[in-house]
$ cat upload-v2.json   # JSON, C-alpha atoms
[["chain", "number", "residue", "atom", "x", "y", "z"],
["A", 1, "MET", "CA", 0.00, 0.00, 0.00],
["A", 2, "ASN", "CA", 2.99, 2.30, 0.55],
["A", 3, "SER", "CA", 4.46, 3.93, -2.55],
["A", 4, "GLY", "CA", 7.85, 4.54, -0.91],
["A", 5, "ALA", "CA", 10.21, 2.32, 1.07],
["A", 6, "VAL", "CA", 10.57, 4.86, 3.89],
["A", 7, "ASN", "CA", 8.05, 7.59, 3.19],
["A", 8, "CYS", "CA", 4.38, 7.09, 2.54],
["A", 9, "LEU", "CA", 4.15, 9.08, -0.66],
["A", 10, "ASN", "CA", 0.51, 8.32, -1.43],
["A", 11, "PRO", "CA", -1.41, 9.47, 1.65],
["A", 12, "VAL", "CA", -5.18, 9.75, 1.81],
["A", 13, "LEU", "CA", -6.11, 13.36, 2.55],
["A", 14, "VAL", "CA", -9.64, 13.85, 3.87],
["A", 15, "GLY", "CA", -11.05, 17.37, 4.04],
["A", 16, "GLY", "CA", -14.12, 19.54, 3.66],
["A", 17, "THR", "CA", -15.74, 22.76, 4.77],
["A", 18, "GLY", "CA", -15.28, 21.89, 8.42],
["A", 19, "ARG", "CA", -18.05, 20.12, 10.39],
["A", 20, "SER", "CA", -18.79, 18.18, 7.20],
["A", 21, "GLY", "CA", -17.76, 14.64, 8.09],
["A", 22, "SER", "CA", -13.99, 14.60, 7.57],
["A", 23, "THR", "CA", -13.33, 13.44, 11.15],
["A", 24, "ILE", "CA", -15.73, 10.49, 11.07],
["A", 25, "THR", "CA", -14.48, 9.51, 7.61],
["A", 26, "GLY", "CA", -10.89, 9.52, 8.84],
["A", 27, "GLN", "CA", -11.83, 7.45, 11.89],
["A", 28, "LEU", "CA", -13.64, 5.00, 9.61],
["A", 29, "LEU", "CA", -10.63, 4.63, 7.31],
["A", 30, "GLY", "CA", -8.40, 4.23, 10.36],
["A", 31, "GLN", "CA", -10.23, 0.98, 11.16],
["A", 32, "HIS", "CA", -8.80, -0.59, 7.99],
["A", 33, "PRO", "CA", -5.70, -2.77, 8.52],
["A", 34, "ASP", "CA", -3.99, -1.26, 5.47],
["A", 35, "LEU", "CA", -4.49, 2.34, 6.62],
["A", 36, "PHE", "CA", -3.26, 4.44, 9.53],
["A", 37, "LEU", "CA", -5.01, 7.52, 10.92],
["A", 38, "THR", "CA", -2.35, 10.04, 11.90],
["A", 39, "ASP", "CA", -1.85, 11.13, 15.50],
["A", 40, "PRO", "CA", -2.70, 13.97, 15.63],
["A", 41, "PRO", "CA", -5.50, 13.20, 13.14],
["A", 42, "GLU", "CA", -5.14, 16.76, 11.78],
["A", 43, "ILE", "CA", -1.47, 17.49, 11.08],
["A", 44, "ARG", "CA", -2.39, 21.02, 9.91],
["A", 45, "PHE", "CA", 1.14, 22.22, 9.07],
["A", 46, "LEU", "CA", 0.75, 21.02, 5.48],
["A", 47, "ALA", "CA", -2.68, 22.39, 4.49],
["A", 48, "ASN", "CA", -3.71, 25.11, 6.94],
["A", 49, "ASP", "CA", -3.34, 28.83, 6.23],
["A", 50, "HIS", "CA", 0.36, 29.79, 5.98],
["A", 51, "GLY", "CA", 1.27, 26.10, 5.89],
["A", 52, "VAL", "CA", 3.82, 24.33, 3.71],
["A", 53, "ALA", "CA", 1.54, 23.94, 0.67],
["A", 54, "GLU", "CA", 0.41, 27.56, 0.63],
["A", 55, "THR", "CA", 3.99, 28.74, 1.06],
["A", 56, "LEU", "CA", 5.13, 26.61, -1.87],
["A", 57, "THR", "CA", 2.33, 28.04, -4.01],
["A", 58, "LEU", "CA", 3.67, 31.55, -3.38],
["A", 59, "ALA", "CA", 7.14, 30.42, -4.48],
["A", 60, "GLN", "CA", 5.68, 29.13, -7.75],
["A", 61, "GLY", "CA", 3.57, 32.21, -8.48],
["A", 62, "SER", "CA", 4.20, 35.68, -9.91],
["A", 63, "TRP", "CA", 7.40, 37.56, -9.22],
["A", 64, "LEU", "CA", 5.61, 39.54, -6.50],
["A", 65, "SER", "CA", 4.44, 36.42, -4.68],
["A", 66, "ARG", "CA", 7.89, 34.85, -5.07],
["A", 67, "ARG", "CA", 9.36, 37.85, -3.27],
["A", 68, "LYS", "CA", 7.07, 37.11, -0.31],
["A", 69, "ALA", "CA", 7.71, 33.38, -0.30],
["A", 70, "LYS", "CA", 10.90, 33.33, 1.80],
["A", 71, "SER", "CA", 9.34, 35.37, 4.60],
["A", 72, "GLU", "CA", 6.24, 33.19, 4.35],
["A", 73, "ALA", "CA", 8.44, 30.10, 4.75],
["A", 74, "LYS", "CA", 9.80, 31.57, 7.99],
["A", 75, "PHE", "CA", 6.26, 32.22, 9.19],
["A", 76, "CYS", "CA", 5.24, 28.69, 8.22],
["A", 77, "LEU", "CA", 8.11, 27.27, 10.26],
["A", 78, "GLU", "CA", 7.22, 29.45, 13.23],
["A", 79, "ARG", "CA", 3.62, 28.21, 13.18],
["A", 80, "THR", "CA", 4.84, 24.62, 12.85],
["A", 81, "LYS", "CA", 6.89, 25.11, 16.01],
["A", 82, "THR", "CA", 4.10, 26.80, 17.95],
["A", 83, "LEU", "CA", 0.49, 26.74, 16.75],
["A", 84, "TRP", "CA", 0.60, 23.27, 15.22],
["A", 85, "PHE", "CA", 3.25, 21.79, 17.51],
["A", 86, "TRP", "CA", 1.34, 22.02, 20.81],
["A", 87, "ARG", "CA", -2.45, 22.27, 20.53],
["A", 88, "ALA", "CA", -3.30, 20.39, 23.74],
["A", 89, "ALA", "CA", -1.60, 17.96, 26.10],
["A", 90, "LYS", "CA", -2.20, 15.00, 23.80],
["A", 91, "ILE", "CA", -2.87, 16.80, 20.51],
["A", 92, "GLY", "CA", -0.23, 18.28, 18.23],
["A", 93, "LEU", "CA", 3.00, 17.43, 16.48],
["A", 94, "HIS", "CA", 4.74, 17.28, 19.87],
["A", 95, "THR", "CA", 3.30, 13.80, 20.39],
["A", 96, "SER", "CA", 5.47, 12.51, 17.53],
["A", 97, "ILE", "CA", 8.53, 14.75, 17.16],
["A", 98, "THR", "CA", 10.67, 16.92, 19.42],
["A", 99, "ILE", "CA", 11.02, 20.67, 19.04],
["A", 100, "GLU", "CA", 14.77, 20.18, 18.55],
["A", 101, "GLU", "CA", 14.08, 17.93, 15.58],
["A", 102, "VAL", "CA", 11.63, 20.44, 14.09],
["A", 103, "ASN", "CA", 14.20, 23.22, 14.56],
["A", 104, "ALA", "CA", 16.88, 21.23, 12.73],
["A", 105, "LEU", "CA", 14.52, 20.30, 9.91],
["A", 106, "GLY", "CA", 13.28, 23.87, 9.73],
["A", 107, "ASN", "CA", 16.76, 25.32, 9.38],
["A", 108, "THR", "CA", 17.44, 23.04, 6.42],
["A", 109, "TYR", "CA", 14.01, 23.89, 4.97],
["A", 110, "LEU", "CA", 14.79, 27.61, 5.03],
["A", 111, "GLU", "CA", 18.30, 27.11, 3.63],
["A", 112, "GLU", "CA", 17.08, 25.05, 0.68],
["A", 113, "PHE", "CA", 13.78, 26.81, 0.01],
["A", 114, "GLY", "CA", 15.29, 29.57, -2.13],
["A", 115, "LYS", "CA", 17.18, 27.05, -4.28],
["A", 116, "ASP", "CA", 14.45, 24.48, -4.87],
["A", 117, "PRO", "CA", 11.19, 25.22, -3.05],
["A", 118, "VAL", "CA", 9.50, 21.97, -4.15],
["A", 119, "ALA", "CA", 12.35, 19.75, -2.95],
["A", 120, "ALA", "CA", 12.67, 21.75, 0.28],
["A", 121, "SER", "CA", 8.94, 21.51, 0.97],
["A", 122, "GLN", "CA", 8.91, 17.79, 0.26],
["A", 123, "ALA", "CA", 11.94, 17.07, 2.44],
["A", 124, "PHE", "CA", 10.54, 19.06, 5.38],
["A", 125, "THR", "CA", 7.09, 17.49, 5.12],
["A", 126, "TYR", "CA", 8.29, 13.92, 4.56],
["A", 127, "ALA", "CA", 10.68, 14.11, 7.52],
["A", 128, "ILE", "CA", 7.96, 15.28, 9.91],
["A", 129, "MET", "CA", 5.50, 12.73, 8.58],
["A", 130, "ARG", "CA", 8.01, 9.88, 9.07],
["A", 131, "ASN", "CA", 7.73, 10.64, 12.77],
["A", 132, "VAL", "CA", 3.97, 11.21, 12.81],
["A", 133, "SER", "CA", 3.23, 8.00, 10.93],
["A", 134, "ALA", "CA", 5.93, 5.83, 12.52],
["A", 135, "ALA", "CA", 3.36, 3.91, 14.59],
["A", 136, "GLY", "CA", 1.62, 2.97, 11.35],
["A", 137, "GLN", "CA", 4.53, 0.64, 10.56],
["A", 138, "GLY", "CA", 4.54, 1.39, 6.84],
["A", 139, "ARG", "CA", 0.80, 1.55, 6.32],
["A", 140, "ARG", "CA", -0.65, 4.26, 4.12],
["A", 141, "TRP", "CA", -1.52, 7.19, 6.35],
["A", 142, "VAL", "CA", -4.75, 9.20, 6.46],
["A", 143, "ASP", "CA", -5.00, 12.84, 7.59],
["A", 144, "THR", "CA", -8.24, 14.73, 8.26],
["A", 145, "THR", "CA", -7.19, 18.39, 8.22],
["A", 146, "PRO", "CA", -10.34, 20.05, 6.74],
["A", 147, "ALA", "CA", -8.26, 22.37, 4.54],
["A", 148, "ASN", "CA", -6.94, 19.35, 2.59],
["A", 149, "ALA", "CA", -9.93, 19.60, 0.26],
["A", 150, "ARG", "CA", -9.79, 23.38, -0.10],
["A", 151, "ILE", "CA", -6.18, 23.44, -1.31],
["A", 152, "ALA", "CA", -5.90, 19.95, -2.81],
["A", 153, "ASP", "CA", -4.19, 21.34, -5.92],
["A", 154, "GLN", "CA", -1.60, 23.19, -3.82],
["A", 155, "ILE", "CA", -0.71, 20.01, -1.92],
["A", 156, "GLU", "CA", -0.27, 18.04, -5.15],
["A", 157, "PRO", "CA", 3.32, 19.22, -5.91],
["A", 158, "ILE", "CA", 4.36, 17.95, -2.48],
["A", 159, "TYR", "CA", 2.46, 14.65, -2.66],
["A", 160, "PRO", "CA", 1.76, 14.02, -6.37],
["A", 161, "ASP", "CA", 0.40, 10.53, -5.66],
["A", 162, "SER", "CA", -1.89, 11.56, -2.81],
["A", 163, "GLN", "CA", -5.64, 11.10, -3.07],
["A", 164, "VAL", "CA", -8.21, 13.51, -1.68],
["A", 165, "ILE", "CA", -11.65, 12.77, -0.25],
["A", 166, "ALA", "CA", -13.68, 15.99, -0.13],
["A", 167, "MET", "CA", -16.62, 15.74, 2.25],
["A", 168, "ILE", "CA", -19.66, 17.92, 1.64],
["A", 169, "ARG", "CA", -22.71, 18.51, 3.85],
["A", 170, "ASP", "CA", -25.86, 20.62, 3.92],
["A", 171, "GLY", "CA", -24.53, 24.10, 4.69],
["A", 172, "ARG", "CA", -27.27, 24.79, 7.21],
["A", 173, "ASP", "CA", -26.14, 21.87, 9.35],
["A", 174, "VAL", "CA", -22.50, 22.91, 8.90],
["A", 175, "ALA", "CA", -23.28, 26.44, 10.07],
["A", 176, "ALA", "CA", -25.39, 25.25, 13.00],
["A", 177, "SER", "CA", -22.60, 22.92, 14.08],
["A", 178, "PHE", "CA", -19.96, 25.66, 13.98],
["A", 179, "VAL", "CA", -21.89, 28.05, 16.21],
["A", 180, "ALA", "CA", -22.14, 25.31, 18.83],
["A", 181, "GLN", "CA", -18.34, 24.97, 18.97],
["A", 182, "THR", "CA", -15.65, 27.03, 20.68],
["A", 183, "PHE", "CA", -13.87, 27.57, 17.33],
["A", 184, "GLY", "CA", -14.95, 29.03, 14.00],
["A", 185, "PRO", "CA", -17.75, 31.55, 13.42],
["A", 186, "ASN", "CA", -20.09, 31.87, 16.40],
["A", 187, "GLU", "CA", -22.83, 33.67, 14.46],
["A", 188, "ILE", "CA", -25.05, 31.59, 12.20],
["A", 189, "PHE", "CA", -25.05, 33.82, 9.11],
["A", 190, "ALA", "CA", -21.27, 34.38, 9.24],
["A", 191, "SER", "CA", -20.95, 30.61, 9.45],
["A", 192, "LEU", "CA", -23.18, 30.18, 6.39],
["A", 193, "ARG", "CA", -21.05, 32.64, 4.42],
["A", 194, "GLN", "CA", -17.93, 30.70, 5.40],
["A", 195, "TRP", "CA", -19.57, 27.48, 4.17],
["A", 196, "GLU", "CA", -20.34, 29.07, 0.80],
["A", 197, "LYS", "CA", -16.80, 30.37, 0.37],
["A", 198, "ARG", "CA", -15.23, 27.07, 1.34],
["A", 199, "SER", "CA", -17.58, 25.06, -0.88],
["A", 200, "LEU", "CA", -16.48, 27.09, -3.89],
["A", 201, "LEU", "CA", -12.81, 26.68, -2.94],
["A", 202, "ILE", "CA", -13.23, 22.90, -2.73],
["A", 203, "HIS", "CA", -14.82, 22.84, -6.17],
["A", 204, "GLN", "CA", -12.08, 24.97, -7.71],
["A", 205, "SER", "CA", -9.32, 23.01, -6.00],
["A", 206, "THR", "CA", -10.59, 19.60, -7.10],
["A", 207, "LEU", "CA", -10.98, 20.85, -10.67],
["A", 208, "ALA", "CA", -7.39, 22.11, -10.65],
["A", 209, "SER", "CA", -6.05, 18.76, -9.43],
["A", 210, "ARG", "CA", -5.04, 15.97, -11.78],
["A", 211, "PRO", "CA", -8.02, 13.97, -13.10],
["A", 212, "GLY", "CA", -9.11, 11.16, -10.80],
["A", 213, "ARG", "CA", -7.14, 12.38, -7.78],
["A", 214, "CYS", "CA", -10.14, 13.74, -5.86],
["A", 215, "ILE", "CA", -13.53, 12.34, -4.95],
["A", 216, "VAL", "CA", -16.48, 14.26, -3.51],
["A", 217, "VAL", "CA", -18.55, 12.41, -0.91],
["A", 218, "ASP", "CA", -21.81, 13.65, 0.58],
["A", 219, "MET", "CA", -21.83, 13.06, 4.33],
["A", 220, "LEU", "CA", -25.56, 12.31, 4.29],
["A", 221, "ASP", "CA", -24.98, 9.50, 1.80],
["A", 222, "LEU", "CA", -22.32, 8.02, 4.08],
["A", 223, "VAL", "CA", -24.18, 8.24, 7.38],
["A", 224, "ASP", "CA", -27.72, 7.57, 6.20],
["A", 225, "ARG", "CA", -29.10, 7.48, 2.67],
["A", 226, "ASP", "CA", -26.67, 5.27, 0.73],
["A", 227, "ARG", "CA", -24.39, 3.84, 3.38],
["A", 228, "ASP", "CA", -23.00, 0.63, 1.95],
["A", 229, "SER", "CA", -22.61, 1.93, -1.59],
["A", 230, "THR", "CA", -20.85, 5.05, -0.36],
["A", 231, "LEU", "CA", -18.46, 3.04, 1.81],
["A", 232, "GLN", "CA", -17.72, 0.79, -1.18],
["A", 233, "ARG", "CA", -17.18, 3.85, -3.40],
["A", 234, "ILE", "CA", -14.64, 5.29, -0.95],
["A", 235, "CYS", "CA", -12.78, 2.00, -0.65],
["A", 236, "ASP", "CA", -12.75, 1.52, -4.43],
["A", 237, "PHE", "CA", -11.35, 5.03, -4.83],
["A", 238, "ILE", "CA", -8.37, 4.37, -2.55],
["A", 239, "ASP", "CA", -8.03, 0.79, -3.81],
["A", 240, "VAL", "CA", -8.65, -1.15, -0.61],
["A", 241, "PRO", "CA", -11.28, -3.84, 0.04],
["A", 242, "VAL", "CA", -14.06, -3.22, 2.54],
["A", 243, "ASP", "CA", -12.59, -4.87, 5.62],
["A", 244, "PRO", "CA", -14.97, -6.81, 7.94],
["A", 245, "GLY", "CA", -13.70, -5.05, 11.06],
["A", 246, "MET", "CA", -14.04, -1.68, 9.36],
["A", 247, "LYS", "CA", -17.58, -2.55, 8.26],
["A", 248, "ALA", "CA", -18.54, -3.64, 11.77],
["A", 249, "TRP", "CA", -17.27, -0.35, 13.22],
["A", 250, "PHE", "CA", -19.13, 1.54, 10.50],
["A", 251, "ASP", "CA", -22.42, -0.23, 11.24],
["A", 252, "GLU", "CA", -22.10, 0.31, 14.98],
["A", 253, "THR", "CA", -20.78, 3.87, 15.06],
["A", 254, "VAL", "CA", -21.74, 5.85, 11.96],
["A", 255, "ASN", "CA", -25.38, 6.94, 11.82],
["A", 256, "ALA", "CA", -27.54, 9.99, 11.17],
["A", 257, "GLU", "CA", -28.32, 10.51, 14.86],
["A", 258, "ASN", "CA", -24.67, 10.73, 15.87],
["A", 259, "ALA", "CA", -24.06, 13.10, 12.97],
["A", 260, "ASN", "CA", -26.82, 15.48, 14.17],
["A", 261, "VAL", "CA", -28.47, 15.48, 10.77],
["A", 262, "GLY", "CA", -31.06, 18.25, 10.47],
["A", 263, "ARG", "CA", -29.93, 20.11, 13.58],
["A", 264, "TRP", "CA", -30.43, 23.49, 11.90],
["A", 265, "ARG", "CA", -34.20, 22.94, 11.98],
["A", 266, "THR", "CA", -34.38, 22.78, 15.80],
["A", 267, "GLN", "CA", -31.41, 24.78, 17.06],
["A", 268, "PHE", "CA", -32.84, 28.26, 16.42],
["A", 269, "ASP", "CA", -36.11, 30.13, 16.81],
["A", 270, "ALA", "CA", -38.65, 30.04, 13.98],
["A", 271, "GLU", "CA", -37.76, 33.44, 12.54],
["A", 272, "THR", "CA", -34.02, 32.69, 12.47],
["A", 273, "THR", "CA", -34.65, 29.27, 10.95],
["A", 274, "LYS", "CA", -36.69, 30.84, 8.18],
["A", 275, "GLU", "CA", -33.95, 33.36, 7.43],
["A", 276, "ILE", "CA", -31.30, 30.63, 7.46],
["A", 277, "ASN", "CA", -33.29, 28.75, 4.85],
["A", 278, "ARG", "CA", -33.78, 31.85, 2.70],
["A", 279, "GLN", "CA", -30.11, 32.83, 2.68],
["A", 280, "TYR", "CA", -29.03, 29.24, 2.13],
["A", 281, "GLY", "CA", -31.26, 29.00, -0.93],
["A", 282, "GLU", "CA", -29.53, 32.03, -2.45],
["A", 283, "MET", "CA", -26.11, 30.56, -1.70],
["A", 284, "VAL", "CA", -27.04, 27.25, -3.31],
["A", 285, "GLU", "CA", -28.10, 29.06, -6.47],
["A", 286, "ARG", "CA", -24.81, 30.95, -6.64],
["A", 287, "LEU", "CA", -22.77, 27.81, -6.07],
["A", 288, "ALA", "CA", -24.76, 25.84, -8.63],
["A", 289, "SER", "CA", -24.04, 28.53, -11.22],
["A", 290, "HIS", "CA", -20.33, 27.74, -10.76],
["A", 291, "GLY", "CA", -20.91, 24.01, -11.17],
["A", 292, "VAL", "CA", -20.49, 23.19, -7.49],
["A", 293, "GLN", "CA", -22.04, 19.90, -6.37],
["A", 294, "ILE", "CA", -24.82, 20.80, -3.95],
["A", 295, "PRO", "CA", -25.11, 18.60, -0.85],
["A", 296, "LEU", "CA", -28.22, 16.56, -0.17],
["A", 297, "GLU", "CA", -30.78, 18.36, 1.98],
["A", 298, "SER", "CA", -30.80, 17.31, 5.61]]

$ encode --input "upload-v2.json" --output "structure tokens"
Amino acid sequence: MNSGAVNCLNPVLVGGTGRSGSTITGQLLGQHPDLFLTDPPEIRFLANDHGVAETLTLAQGSWLSRRKAKSEAKFCLERTKTLWFWRAAKIGLHTSITIEEVNALGNTYLEEFGKDPVAASQAFTYAIMRNVSAAGQGRRWVDTTPANARIADQIEPIYPDSQVIAMIRDGRDVAASFVAQTFGPNEIFASLRQWEKRSLLIHQSTLASRPGRCIVVDMLDLVDRDRDSTLQRICDFIDVPVDPGMKAWFDETVNAENANVGRWRTQFDAETTKEINRQYGEMVERLASHGVQIPLES
């Protein structure tokens, strides 16, 4: 399953708009004996804002963006050593690699970035991921950073053989889920606008990727309406059989109730719910005009 003797060069990158099923999909894939869910399950330093992929994109852009790329690489390294290194006691890159190791890798990354930004980005990422995925003992690793789907094309130069599963979900449920969290937009209509923006980015990113590299999966299909066929479709895409243990976990754990399907209908007062529906309808029309796949209604 591994395309490299030391590095896993064909990871499965699961992403979405946020609150759209990437976590449960990653956990599901992690039940397969041929796959390994990273710890942390969201590595973030590769796909998040100011991460390695975005920094590399600047280095490959116009002369103006190339001028900014070296300082962006320094900022990327700083965030890798802070924001993404220690997120909680048991969550972050610190569970897999020491800060001394990141510092040494980062110094080499900065030294080589100006000469060959692709090679420097690959070397830095692969070295960190050797540590993060070491417990996987050579299995193909799976990461669930939501931004994977939104910048799939920007990650491709670093992992050309990676595959991307883009999870989509009714934007009203996405927005309702965000406002119930301690992160992301805490106002329902701001959350809806974020969903629209991210949905368009996912569409544009998957189109810009090589043909066949990305698959779009509706969370409602997976958790409720077309469960077995959707699971089979995902496994066919990443070329693994549906494992009995994986299927048993899926049947026991993944369901519409646990996914809070339709929560937007009951979480707000009647007037707010009506306005949510009205604005969402306008967003769906705009997205459809760009060719974006619209999620099933919850």

$ closest_residue --input "upload-v2.json" --among "A:Arg193, A:Lys74, A:Lys247, A:Lys274" --to "Arg286 (chain A)" --atoms "all atoms listed in the file"
A:Arg193

$ closest_residue --input "upload-v2.json" --among "A:Asp224, A:Asp49, A:Asp153, A:Glu297" --to "Thr80 (chain A)" --atoms "all atoms listed in the file"
A:Asp49

$ residues_around --input "upload-v2.json" --residues "Val14 (chain A)" --least-positions-apart "2" --cutoff "7 Å" --atoms "only C-alpha atoms" --output "PyMOL selection string"
chain A and resi 12+22+26+143-146+148-149+164-166

$ closest_atom_pairs --input "upload-v2.json" --of "region 13-128 of chain A" --to "region 180-185 of chain A" --cutoff "12 Å" --atoms "only C-alpha atoms" --output "tab-separated table"
residue	atom	partner	partner_atom	distance
A:Thr17	CA	A:Gly184	CA	11.2
A:Gly18	CA	A:Gly184	CA	9.1
A:Arg19	CA	A:Gln181	CA	9.9

$ residues_around --input "upload-v2.json" --residues "Ile24 (chain A)" --least-positions-apart "6" --cutoff "12 Å" --atoms "all atoms listed in the file" --output "VMD selection string"
chain A and resid 14 to 16 18 30 to 31 37 41 142 to 146 167 219 222 to 223 249 to 250 253 to 256 258 to 259

$ closest_atom_pairs --input "upload-v2.json" --of "region 121-226 of chain A" --to "region 232-245 of chain A" --cutoff "10 Å" --atoms "all atoms listed in the file" --output "CSV"
residue,atom,partner,partner_atom,distance
A:Ser162,CA,A:Ile238,CA,9.7
A:Gln163,CA,A:Ile238,CA,7.3
A:Val164,CA,A:Ile238,CA,9.2
A:Ile165,CA,A:Ile234,CA,8.1
A:Gly212,CA,A:Phe237,CA,8.8
A:Arg213,CA,A:Phe237,CA,9.0
A:Cys214,CA,A:Phe237,CA,8.9
A:Ile215,CA,A:Phe237,CA,7.6
A:Val216,CA,A:Ile234,CA,9.5
A:Val217,CA,A:Ile234,CA,8.1
A:Leu222,CA,A:Ile234,CA,9.6

$ axis_aligned_box --input "upload-v2.json" --around "region 58-65 of chain A" --padding-each-side "6 Å" --output "lines of an AutoDock Vina configuration file"
center_x = 5.5
center_y = 34.3
center_z = -6.6
size_x = 15.8
size_y = 22.4
size_z = 18.5

$ decode --input "upload-v2.json" --residues "region 62-76 of chain A" --atoms "N, CA and C atoms" --output "compact mmCIF listing (two decimals), in the first residue's frame"
# COMPACT_ATOMS: atom_id res chain seq x y z
N SER A 62 3.66 34.50 -9.24
CA SER A 62 4.20 35.68 -9.91
C SER A 62 5.46 36.16 -9.19
N TRP A 63 6.17 37.06 -9.84
CA TRP A 63 7.40 37.56 -9.22
C TRP A 63 7.12 38.23 -7.89
N LEU A 64 5.95 38.86 -7.75
CA LEU A 64 5.61 39.54 -6.50
C LEU A 64 5.38 38.52 -5.39
N SER A 65 4.66 37.43 -5.71
CA SER A 65 4.44 36.42 -4.68
C SER A 65 5.73 35.70 -4.34
N ARG A 66 6.61 35.52 -5.34
CA ARG A 66 7.89 34.85 -5.07
C ARG A 66 8.74 35.67 -4.11
N ARG A 67 8.62 36.98 -4.18
CA ARG A 67 9.36 37.85 -3.27
C ARG A 67 8.89 37.64 -1.83
N LYS A 68 7.63 37.30 -1.66
CA LYS A 68 7.07 37.11 -0.31
C LYS A 68 7.31 35.70 0.22
N ALA A 69 7.69 34.79 -0.67
CA ALA A 69 7.71 33.38 -0.30
C ALA A 69 8.71 33.06 0.81
N LYS A 70 9.90 33.65 0.78
CA LYS A 70 10.90 33.33 1.80
C LYS A 70 10.44 33.75 3.19
N SER A 71 9.85 34.94 3.29
CA SER A 71 9.34 35.37 4.60
C SER A 71 8.15 34.51 5.02
N GLU A 72 7.37 34.07 4.04
CA GLU A 72 6.24 33.19 4.35
C GLU A 72 6.75 31.83 4.84
N ALA A 73 7.86 31.36 4.29
CA ALA A 73 8.44 30.10 4.75
C ALA A 73 8.87 30.21 6.22
N LYS A 74 9.42 31.35 6.59
CA LYS A 74 9.80 31.57 7.99
C LYS A 74 8.57 31.56 8.89
N PHE A 75 7.50 32.18 8.42
CA PHE A 75 6.26 32.22 9.19
C PHE A 75 5.65 30.82 9.30
N CYS A 76 5.72 30.07 8.22
CA CYS A 76 5.24 28.69 8.22
C CYS A 76 5.99 27.86 9.26
